[in-house]
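*Asks:* Input start-v7.cif, format and content: mmCIF, C-alpha atoms.
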data_data
#
loop_
_atom_site.label_atom_id
_atom_site.label_comp_id
_atom_site.auth_asym_id
_atom_site.auth_seq_id
_atom_site.Cartn_x
_atom_site.Cartn_y
_atom_site.Cartn_z
CA MET A 250 55.25 162.41 41.41
CA PRO A 251 53.67 159.13 40.33
CA GLN A 252 54.28 156.24 42.68
CA LYS A 253 56.75 153.64 41.50
CA LYS A 254 55.22 150.38 40.33
CA ILE A 255 56.58 147.20 41.82
CA SER A 256 55.83 143.52 41.30
CA ILE A 257 54.85 141.18 44.10
CA ARG A 258 53.31 137.72 44.30
CA ILE A 259 50.11 137.13 46.24
CA ASP A 260 49.21 133.45 46.62
CA GLY A 261 51.46 132.71 43.66
CA GLU A 262 49.84 135.26 41.38
CA LEU A 263 51.93 138.10 39.96
CA VAL A 264 50.42 141.43 41.04
CA THR A 265 51.44 145.02 40.33
CA ALA A 266 51.49 147.22 43.42
CA LEU A 267 52.49 150.80 44.11
CA GLU A 268 55.42 151.67 46.32
CA GLY A 269 54.14 152.78 49.72
CA GLN A 270 51.09 150.51 49.61
CA THR A 271 50.57 147.91 52.31
CA ILE A 272 50.18 144.22 51.53
CA LEU A 273 46.49 144.59 52.41
CA GLN A 274 45.93 147.45 49.95
CA ALA A 275 47.77 145.64 47.17
CA ALA A 276 45.79 142.46 47.84
CA GLN A 277 42.47 144.30 47.89
CA GLU A 278 43.25 145.99 44.57
CA ALA A 279 44.09 142.58 43.13
CA GLY A 280 40.70 141.31 44.32
CA LYS A 281 42.10 139.12 47.09
CA ALA A 282 40.24 139.27 50.39
CA ILE A 283 42.35 139.14 53.55
CA PRO A 284 40.18 139.04 56.69
CA THR A 285 40.51 142.10 58.94
CA LEU A 286 38.95 143.39 62.17
CA CYS A 287 40.83 146.46 63.42
CA TYR A 288 41.38 147.80 59.89
CA LEU A 289 38.88 150.38 58.63
CA GLU A 290 39.42 151.91 55.21
CA GLY A 291 40.08 155.63 55.65
CA LEU A 292 41.69 155.31 59.10
CA SER A 293 45.39 154.71 59.59
CA PRO A 294 46.21 151.02 60.08
CA ALA A 295 47.00 149.88 63.63
CA GLY A 296 47.94 146.20 63.40
CA ALA A 297 46.08 145.68 66.66
CA CYS A 298 43.95 142.60 66.05
CA ARG A 299 46.37 140.27 64.21
CA ILE A 300 43.60 138.76 62.06
CA CYS A 301 45.20 139.94 58.78
CA MET A 302 48.46 138.09 59.46
CA VAL A 303 50.01 136.68 56.28
CA GLU A 304 53.00 134.50 55.46
CA VAL A 305 55.87 136.28 53.71
CA ALA A 306 58.54 134.21 51.95
CA GLY A 307 61.93 134.53 53.62
CA THR A 308 60.68 135.08 57.16
CA GLU A 309 59.29 132.61 59.68
CA ARG A 310 57.30 135.34 61.40
CA LEU A 311 53.77 136.12 60.33
CA LEU A 312 53.30 139.77 59.38
CA PRO A 313 50.15 141.91 59.58
CA ALA A 314 49.04 142.75 56.03
CA CYS A 315 47.52 146.08 57.13
CA THR A 316 50.81 147.62 58.31
CA THR A 317 53.47 145.84 56.25
CA PRO A 318 54.58 147.82 53.17
CA VAL A 319 55.11 146.00 49.88
CA GLN A 320 58.62 145.57 48.52
CA GLU A 321 59.85 144.51 45.09
CA GLY A 322 59.79 140.73 44.80
CA LEU A 323 57.69 140.15 47.94
CA ALA A 324 55.89 136.78 47.94
CA VAL A 325 52.84 136.64 50.20
CA THR A 326 50.59 133.76 51.19
CA THR A 327 47.17 134.85 52.47
CA VAL A 328 45.47 131.47 52.81
CA SER A 329 46.99 128.44 54.55
CA ALA A 330 46.16 125.95 57.25
CA ARG A 331 48.66 127.68 59.54
CA LEU A 332 47.07 131.10 59.02
CA THR A 333 43.56 129.76 59.56
CA GLN A 334 44.75 128.11 62.77
CA TYR A 335 46.24 131.39 64.09
CA ARG A 336 43.27 133.49 62.97
CA ARG A 337 40.94 131.12 64.81
CA MET A 338 43.06 131.22 67.94
CA THR A 339 43.12 135.03 67.81
CA VAL A 340 39.33 135.31 67.53
CA GLU A 341 38.84 132.70 70.26
CA LEU A 342 41.12 134.68 72.57
CA LEU A 343 39.08 137.82 71.83
CA LEU A 344 35.90 135.91 72.66
CA ILE A 345 37.10 134.61 76.03
CA GLU A 346 38.83 137.80 77.14
CA ARG A 347 35.61 139.81 77.72
CA ASN A 348 31.91 139.03 78.12
CA HIS A 349 30.67 138.99 74.54
CA VAL A 350 27.25 137.58 75.32
CA CYS A 351 26.06 137.75 71.69
CA SER A 352 22.48 136.75 72.47
CA VAL A 353 21.85 139.90 74.53
CA CYS A 354 24.10 142.32 72.63
CA VAL A 355 22.85 145.40 70.79
CA SER A 356 25.05 144.40 67.85
CA ASN A 357 23.91 140.75 67.61
CA GLY A 358 23.67 139.94 63.91
CA HIS A 359 25.59 143.08 62.86
CA CYS A 360 28.85 142.46 64.70
CA GLU A 361 32.17 142.13 62.89
CA LEU A 362 33.64 139.92 65.63
CA GLN A 363 30.65 137.57 65.54
CA ALA A 364 30.76 137.47 61.72
CA MET A 365 34.50 136.77 61.80
CA ALA A 366 33.97 133.85 64.21
CA THR A 367 31.27 132.45 61.91
CA SER A 368 33.35 132.85 58.76
CA LEU A 369 36.32 131.10 60.40
CA GLY A 370 34.03 128.20 61.38
CA ILE A 371 34.45 128.78 65.11
CA THR A 372 31.77 126.90 67.06
CA ASN A 373 33.51 126.98 70.43
CA THR A 374 36.66 128.27 72.07
CA ARG A 375 39.60 126.05 72.97
CA TYR A 376 40.32 128.34 75.96
CA TRP A 377 38.42 128.84 79.20
CA TYR A 378 36.28 131.93 79.48
CA ASP A 379 37.71 134.63 81.70
CA PHE A 380 34.36 136.18 82.81
CA PRO A 381 35.98 139.47 83.92
CA THR A 382 34.06 142.10 85.88
CA LEU A 383 33.96 145.14 83.60
CA PRO A 384 32.22 148.51 83.83
CA VAL A 385 29.67 150.00 81.47
CA ASP A 386 29.95 153.78 81.03
CA MET A 387 26.43 155.21 80.65
CA THR A 388 27.37 158.77 81.54
CA HIS A 389 27.21 160.15 78.00
CA GLU A 390 23.90 161.67 77.02
CA ARG A 391 23.53 159.75 73.76
CA PHE A 392 26.01 156.88 73.75
CA VAL A 393 27.12 153.88 75.82
CA LEU A 394 30.59 152.37 76.27
CA ASP A 395 30.38 148.71 77.26
CA HIS A 396 33.85 147.37 78.06
CA ASN A 397 32.40 143.85 78.04
CA ARG A 398 32.25 143.97 74.23
CA CYS A 399 35.48 145.85 73.52
CA ILE A 400 38.23 144.10 71.53
CA LEU A 401 40.71 147.01 71.79
CA CYS A 402 40.85 147.41 68.01
CA THR A 403 41.32 151.19 68.56
CA ARG A 404 39.05 152.13 65.65
CA CYS A 405 37.27 154.58 67.99
CA VAL A 406 40.59 156.12 68.98
CA ARG A 407 41.61 156.62 65.36
CA ALA A 408 38.20 157.82 64.12
CA CYS A 409 38.07 160.45 66.88
CA ALA A 410 41.63 161.65 66.31
CA GLU A 411 41.83 161.43 62.53
CA LEU A 412 38.33 162.27 61.34
CA GLU A 413 36.87 164.43 64.13
CA GLY A 414 40.14 165.79 65.51
CA ALA A 415 38.82 165.69 69.06
CA ASN A 416 41.21 163.08 70.52
CA VAL A 417 38.76 162.00 73.21
CA TRP A 418 39.70 158.33 73.11
CA ASP A 419 42.93 156.69 74.09
CA VAL A 420 44.12 153.39 75.46
CA GLY A 421 45.09 153.05 79.11
CA GLY A 422 46.43 150.22 81.28
CA ARG A 423 48.52 147.25 80.24
CA GLY A 424 47.97 143.65 79.22
CA ILE A 425 44.66 142.16 80.34
CA HIS A 426 43.88 145.45 82.15
CA THR A 427 44.02 147.53 78.96
CA ARG A 428 40.90 149.67 78.41
CA VAL A 429 39.87 152.41 76.04
CA THR A 430 39.59 155.61 78.05
CA SER A 431 37.96 158.96 77.39
CA ASP A 432 40.17 161.97 78.05
CA LEU A 433 42.09 161.42 81.31
CA ALA A 434 40.15 158.24 82.18
CA GLN A 435 37.13 160.36 83.10
CA PRO A 436 33.53 159.31 82.65
CA TRP A 437 32.64 159.85 78.98
CA GLY A 438 29.75 162.14 79.90
CA GLU A 439 32.16 164.52 81.67
CA SER A 440 34.50 164.77 78.71
CA PRO A 441 35.15 168.42 77.79
CA THR A 442 36.55 167.41 74.39
CA CYS A 443 33.80 165.07 73.11
CA THR A 444 31.69 166.72 70.41
CA SER A 445 29.05 163.95 70.55
CA CYS A 446 29.56 163.38 66.81
CA GLY A 447 29.19 159.60 67.16
CA LYS A 448 31.99 158.69 64.74
CA CYS A 449 33.53 156.38 67.35
CA VAL A 450 30.21 154.57 67.67
CA GLN A 451 30.00 154.05 63.91
CA ALA A 452 33.64 152.90 63.77
CA CYS A 453 33.24 150.29 66.53
CA PRO A 454 33.07 146.76 65.05
CA THR A 455 31.19 145.30 68.04
CA GLY A 456 28.58 146.45 70.55
CA ALA A 457 31.20 148.15 72.75
CA LEU A 458 30.12 151.58 71.54
CA ALA A 459 26.42 151.97 70.86
CA GLU A 460 23.63 154.48 70.78
CA LYS A 461 21.51 154.67 73.91
CA GLY A 462 18.07 153.16 73.50
CA ALA A 463 19.19 150.45 71.08
CA ALA A 464 17.86 147.06 72.16
CA VAL A 465 19.27 143.62 71.32
CA GLU A 466 20.12 143.34 67.59
CA GLU A 467 19.11 146.96 66.94
CA MET A 468 22.53 148.59 66.63
CA THR A 469 23.81 148.73 63.05
CA LYS A 470 26.96 150.60 62.14
CA ARG A 471 27.70 152.67 59.04
CA THR A 472 31.45 152.29 58.64
CA ASP A 473 31.03 153.12 54.92
CA ARG A 474 30.19 156.72 55.86
CA LEU A 475 33.46 157.05 57.77
CA THR A 476 35.38 155.69 54.80
CA ARG A 477 33.62 158.16 52.49
CA LEU A 478 34.27 161.05 54.88
CA ALA A 479 37.95 160.12 55.09
CA GLY A 480 38.10 160.04 51.30
CA SER A 481 36.60 163.51 50.95
CA LYS A 482 38.90 164.90 53.65
CA ARG A 483 41.91 163.55 51.77
CA ALA A 484 40.65 165.09 48.51
CA GLN A 485 40.59 168.57 50.08
CA PRO A 486 43.65 170.71 49.24
CA MET B 578 16.98 98.74 61.59
CA LYS B 579 17.72 99.33 65.25
CA LYS B 580 16.62 102.76 66.38
CA VAL B 581 19.27 105.23 67.50
CA LYS B 582 19.04 106.11 71.19
CA VAL B 583 18.88 109.87 71.65
CA ALA B 584 18.71 111.75 74.95
CA THR B 585 18.17 115.43 75.60
CA VAL B 586 19.26 117.21 78.77
CA TRP B 587 18.27 120.56 80.23
CA LEU B 588 20.88 122.10 82.54
CA ASP B 589 21.11 125.86 83.26
CA GLY B 590 19.23 127.22 80.26
CA CYS B 591 15.82 128.60 79.37
CA SER B 592 14.51 125.54 77.42
CA GLY B 593 14.66 127.61 74.23
CA CYS B 594 16.98 125.06 72.63
CA HIS B 595 14.41 122.33 73.32
CA MET B 596 11.79 124.62 71.75
CA SER B 597 14.03 124.93 68.72
CA LEU B 598 14.30 121.14 68.58
CA LEU B 599 10.49 120.93 68.57
CA ASP B 600 10.47 123.58 65.84
CA ILE B 601 11.55 120.98 63.30
CA ASP B 602 7.76 120.56 62.95
CA ALA B 603 6.61 117.75 60.64
CA ALA B 604 10.16 116.42 60.28
CA VAL B 605 9.71 115.00 63.78
CA ILE B 606 7.49 112.26 62.28
CA ALA B 607 10.20 110.97 59.95
CA LEU B 608 12.75 111.36 62.74
CA ALA B 609 10.59 109.36 65.16
CA GLY B 610 10.92 106.34 62.88
CA LYS B 611 14.68 106.38 63.26
CA ILE B 612 15.30 107.45 66.85
CA ASP B 613 14.11 106.68 70.35
CA ILE B 614 14.19 109.56 72.77
CA VAL B 615 15.24 107.65 75.87
CA TYR B 616 15.69 110.53 78.32
CA GLY B 617 14.98 114.23 78.66
CA PRO B 618 12.39 116.83 79.64
CA LEU B 619 10.15 115.58 76.81
CA VAL B 620 9.92 111.99 78.15
CA ASP B 621 9.27 110.24 81.46
CA ALA B 622 12.53 108.38 82.23
CA GLN B 623 13.83 109.29 85.69
CA GLU B 624 17.39 108.07 85.35
CA PHE B 625 19.85 108.67 82.54
CA PRO B 626 20.16 105.27 80.82
CA GLU B 627 23.30 103.41 79.76
CA GLY B 628 24.40 103.12 76.15
CA VAL B 629 22.93 106.31 74.70
CA ASP B 630 24.12 107.01 71.14
CA VAL B 631 23.58 110.78 70.98
CA THR B 632 22.88 113.27 73.78
CA LEU B 633 21.93 116.88 73.13
CA VAL B 634 22.72 119.03 76.17
CA GLU B 635 21.16 122.45 76.61
CA GLY B 636 22.41 124.84 79.29
CA ALA B 637 25.51 125.71 81.25
CA VAL B 638 26.89 123.84 84.28
CA SER B 639 25.83 125.96 87.26
CA SER B 640 25.76 123.67 90.28
CA LEU B 641 27.49 120.63 91.70
CA GLU B 642 24.43 118.64 90.64
CA ASP B 643 24.84 119.82 87.04
CA ALA B 644 28.52 118.80 87.19
CA HIS B 645 27.64 115.30 88.50
CA ARG B 646 24.94 114.93 85.86
CA ILE B 647 27.18 115.92 82.96
CA ASP B 648 29.85 113.47 84.20
CA LEU B 649 27.33 110.60 84.24
CA ILE B 650 25.92 111.66 80.86
CA ARG B 651 29.42 111.68 79.36
CA GLN B 652 30.11 108.17 80.69
CA ARG B 653 26.88 106.83 79.21
CA THR B 654 26.89 108.70 75.88
CA ASN B 655 28.71 108.00 72.64
CA ILE B 656 28.31 111.41 70.95
CA LEU B 657 27.82 114.40 73.27
CA ILE B 658 26.49 117.56 71.66
CA ALA B 659 26.60 120.98 73.37
CA LEU B 660 23.38 122.52 72.08
CA GLY B 661 23.14 126.29 72.13
CA ASP B 662 25.18 129.16 73.52
CA CYS B 663 24.65 128.36 77.24
CA ALA B 664 26.20 124.92 76.79
CA VAL B 665 28.91 126.28 74.45
CA THR B 666 29.88 129.62 76.07
CA GLY B 667 27.96 129.98 79.35
CA ASN B 668 25.88 132.71 77.68
CA VAL B 669 23.15 134.37 79.80
CA PRO B 670 23.45 132.08 82.88
CA ALA B 671 27.13 133.06 83.06
CA MET B 672 26.24 136.76 83.29
CA ARG B 673 25.85 136.16 87.03
CA ASN B 674 29.50 135.10 87.29
CA LYS B 675 30.69 138.55 88.29
CA VAL B 676 28.38 138.60 91.33
CA PRO B 677 29.26 136.41 94.35
CA VAL B 678 26.56 133.75 94.86
CA ALA B 679 25.46 134.91 98.35
CA LYS B 680 25.08 138.51 97.13
CA LEU B 681 23.21 137.35 94.03
CA LEU B 682 20.69 135.27 95.98
CA GLN B 683 20.20 138.07 98.51
CA ARG B 684 19.52 140.54 95.71
CA VAL B 685 17.05 138.32 93.85
CA TYR B 686 15.18 136.48 96.60
CA VAL B 687 15.28 139.04 99.43
CA GLU B 688 15.81 142.57 98.10
CA GLY B 689 14.02 141.81 94.83
CA ALA B 690 10.99 140.06 96.37
CA ASP B 691 7.78 141.70 97.58
CA THR B 692 6.71 138.77 99.76
CA GLY B 693 8.25 135.55 101.06
CA LYS B 694 11.75 136.98 101.30
CA VAL B 695 13.56 133.64 101.69
CA ILE B 696 16.54 132.24 99.83
CA PRO B 697 15.34 128.81 98.63
CA THR B 698 17.40 125.81 99.76
CA ASP B 699 14.88 122.93 99.80
CA GLY B 700 14.96 120.77 96.69
CA VAL B 701 17.21 123.09 94.74
CA PRO B 702 20.93 122.44 94.30
CA ALA B 703 23.35 125.06 95.62
CA LEU B 704 24.84 127.26 92.90
CA ASN B 705 28.50 126.99 91.95
CA ARG B 706 30.56 130.17 92.04
CA HIS B 707 30.33 130.30 88.22
CA ALA B 708 28.04 129.03 85.49
CA ARG B 709 30.45 127.59 82.91
CA PRO B 710 30.27 125.84 79.54
CA LEU B 711 30.16 122.04 79.20
CA GLN B 712 33.60 121.67 77.61
CA GLU B 713 35.24 122.84 80.83
CA PHE B 714 33.86 119.73 82.57
CA VAL B 715 33.69 116.95 79.96
CA LYS B 716 34.79 116.24 76.41
CA VAL B 717 32.22 117.62 74.00
CA ASP B 718 32.09 116.01 70.56
CA ILE B 719 30.08 118.63 68.66
CA HIS B 720 29.29 122.26 69.49
CA VAL B 721 26.20 123.88 68.04
CA PRO B 722 26.17 127.57 69.03
CA GLY B 723 23.13 129.81 68.70
CA CYS B 724 20.54 131.31 71.01
CA PRO B 725 18.79 129.15 70.13
CA PRO B 726 20.42 127.18 67.31
CA PRO B 727 18.02 127.21 64.34
CA ALA B 728 15.76 124.14 64.06
CA LYS B 729 17.21 123.41 60.61
CA ALA B 730 20.72 123.25 62.05
CA ILE B 731 19.61 120.72 64.69
CA LEU B 732 17.71 118.66 62.11
CA GLY B 733 20.64 118.78 59.68
CA LEU B 734 23.03 117.63 62.40
CA LEU B 735 20.79 114.74 63.49
CA GLY B 736 20.35 113.77 59.81
CA ASP B 737 24.12 113.69 59.31
CA LEU B 738 24.65 111.57 62.42
CA LEU B 739 21.84 109.14 61.56
CA GLU B 740 23.29 108.54 58.13
CA GLY B 741 26.79 108.13 59.49
CA ARG B 742 28.13 111.27 57.81
CA LYS B 743 30.65 113.55 59.42
CA PRO B 744 28.48 116.53 60.45
CA ALA B 745 28.81 119.33 57.92
CA ALA B 746 29.84 122.77 59.11
CA ASN B 747 26.65 124.77 59.08
CA PRO B 748 27.04 128.34 57.81
CA LYS B 749 23.76 129.31 59.48
CA VAL B 750 25.12 128.56 62.94
CA LYS B 751 26.46 131.58 64.82
CA PHE B 752 26.93 132.67 68.40
CA GLY B 753 23.91 134.59 69.66
#
In structure tokens, what does this structure look like?
*Replies:*
Amino acid sequence: MPQKKISIRIDGELVTALEGQTILQAAQEAGKAIPTLCYLEGLSPAGACRICMVEVAGTERLLPACTTPVQEGLAVTTVSARLTQYRRMTVELLLIERNHVCSVCVSNGHCELQAMATSLGITNTRYWYDFPTLPVDMTHERFVLDHNRCILCTRCVRACAELEGANVWDVGGRGIHTRVTSDLAQPWGESPTCTSCGKCVQACPTGALAEKGAAVEEMTKRTDRLTRLAGSKRAQP
Amino acid sequence: MKKVKVATVWLDGCSGCHMSLLDIDAAVIALAGKIDIVYGPLVDAQEFPEGVDVTLVEGAVSSLEDAHRIDLIRQRTNILIALGDCAVTGNVPAMRNKVPVAKLLQRVYVEGADTGKVIPTDGVPALNRHARPLQEFVKVDIHVPGCPPPAKAILGLLGDLLEGRKPAANPKVKFG
């Protein structure tokens, strides 16, 4: 059955969207870029990072574009001083929460968090750095998990569950103590479910998941391959 | 025209930001006609002078001495610039923050040394518990991240300030 067409407004412009689409999908099809971090095309949306927050007429609350479905007559604002302010605050909070020492990171120059900070014009954080003591899991034969760089976007969790079907990754703990965990919070190298496919590494927007042996600036990610894989999986009967 | 008084300061950093400043190459000649470098590792002055127009500070605040220095610099400076990631975020010097100071010094100067296993105390200031960015101690007017910030970004910033323009956001400047 063809999806029902509905009309919404994005930044004042009348746009045709399909029922069941999210605000983000409708905006992208209309050629409007909404900044995202935890969203990866092909994976289910999580609404974890709050970068894609938009203003929706009729509600005071900001809503994440990646998880909010479109409705007939919806009027969305994707660019405003208020949104920029909140997006900056969100990225700054991500920067202070862990030890993202860009200068010595494998993903320096290829990092989505770093690029987001630059594109939002962030030159410093308004908050004090937390400098937490965090572990680095080197137990896997080929890959490294560095909690210092993790922003808890859960792209690894979703890539592993939805594309590989291995369900190695999950999120454990609460609040500031939240960490991604492999299996039952075991060392990654001892995971009986990990297939060593590396999809989580490719999905990771920062240097939190990387290939062993990569030096500073050497780790580039191919998220496009995951998107393509997800597309071909969907196309299968 | 009166020359603009510029100072540069080297706190807990590697001097790479000063190297980047020197990397402006030939532009230094034109710049020299407009500014006087009144203090810093590149000149002889022993005491931070009064009435400095612009101070570029490299490095994090890592000791009580650093904290006293940055206080004095703030009092005597009109525009204070945090130059580079160490001054802006703590960067590499702050990577020691998770290790208690006594343990850190023991590891480096005793366990890590082949000879002369002594923790130095003479002529070096005692380390604070943390190395932290400038803005946690004093008001910083302009932040220039980068490890190091590109020479062009530093030159562009100084050019803006000398001509009384509001410094333009530089798309080339990034953390790391």
*Asks:* Pull out every residue that the PyMOL selection byres ((chain B) within 12 of (chain A)) matches in the shown coordinates and put them as a ChimeraX atom specification.
*Replies:* /B:658-677,706-714,716-726,745-753
*Asks:* Translate the PyMOL selection byres ((chain B and resi 596) around 12), as applied to the file shown, into an explicit residue set as number ranges by chain.
*Replies:* B: 585, 587, 590-595, 597-602, 618-619, 635, 660-661, 724-728, 731
*Asks:* Could you spell out the hits of the PyMOL selection byres ((chain A and resi 256-266) around 12) on the shown file, as number ranges by chain?
*Replies:* A: 252-255, 267-283, 303-306, 314, 318-329
*Asks:* Between B:Ile614, B:Leu608, B:Ala730, B:Ile650, which has the minimum distance to Glu627 of chain B (counting only C-alpha atoms)?
*Replies:* B:Ile650
*Asks:* At what distance in Å, to one decimal, does atom CA of Leu458 of chain A lie from atom CA of Val417 of chain A?
*Replies:*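 So the answer is 13.6 Å.
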*Asks:* Hey, which of A:Val420, A:Asp386, A:Ser445, A:Glu361 ends up closest to Lys470 of chain A? Count only C-alpha atoms.
*Replies:*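 Closest to Lys470 of chain A, using only C-alpha atoms: A:Glu361.
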*Asks:* Counting all atoms listed in the file, which of A:Val450, A:Leu401, A:Leu475, A:Cys443 gets nearest to His426 of chain A?
*Replies:*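 Smallest separation from His426 of chain A among the options: A:Leu401.
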*Asks:* Grab all the atoms of segment 594-605 of chain B that the file lists, wrap them in a box along x, y and z, add 8 Å per side, and give me centre plus edge lengths in Å (one decimal) as JSON.
*Replies:*
{"center_x": 11.8, "center_y": 120.0, "center_z": 66.8, "size_x": 26.4, "size_y": 26.1, "size_z": 29.0}
*Asks:* What does the distance from atom CA of Leu292 of chain A to atom CA of Cys399 of chain A come to in Å, to one decimal?
*Replies:* 18.3 Å
*Asks:* For atom CA of Glu346 of chain A and atom CA of Ala703 of chain B, quote the distance in Å rounded to one decimal.
*Replies:*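 Computed distance, atom CA of Glu346 of chain A to atom CA of Ala703 of chain B, equals 27.3 Å.
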*Asks:* Quick one: residues within 7 Å of Cys405 of chain A, all atoms listed in the file, excluding same-chain residues fewer than 2 positions away - as an NGL selection string?
*Replies:* :A and (403 or 407-409 or 418 or 449 or 452-453)
*Asks:* Would you list the contacts of His396 of chain A as a PyMOL selection string, taking every protein, DNA or RNA residue within 7 Å and counting all atoms listed in the file, but skipping same-chain residues closer than 6 positions in sequence?
*Replies:* chain A and resi 383-385+457
*Asks:* Kindly indicate which residue among B:Leu732, B:Val583, B:Leu738, B:Val678 lies nearest to Ser639 of chain B, using only C-alpha atoms for the distances.
*Replies:* B:Val678
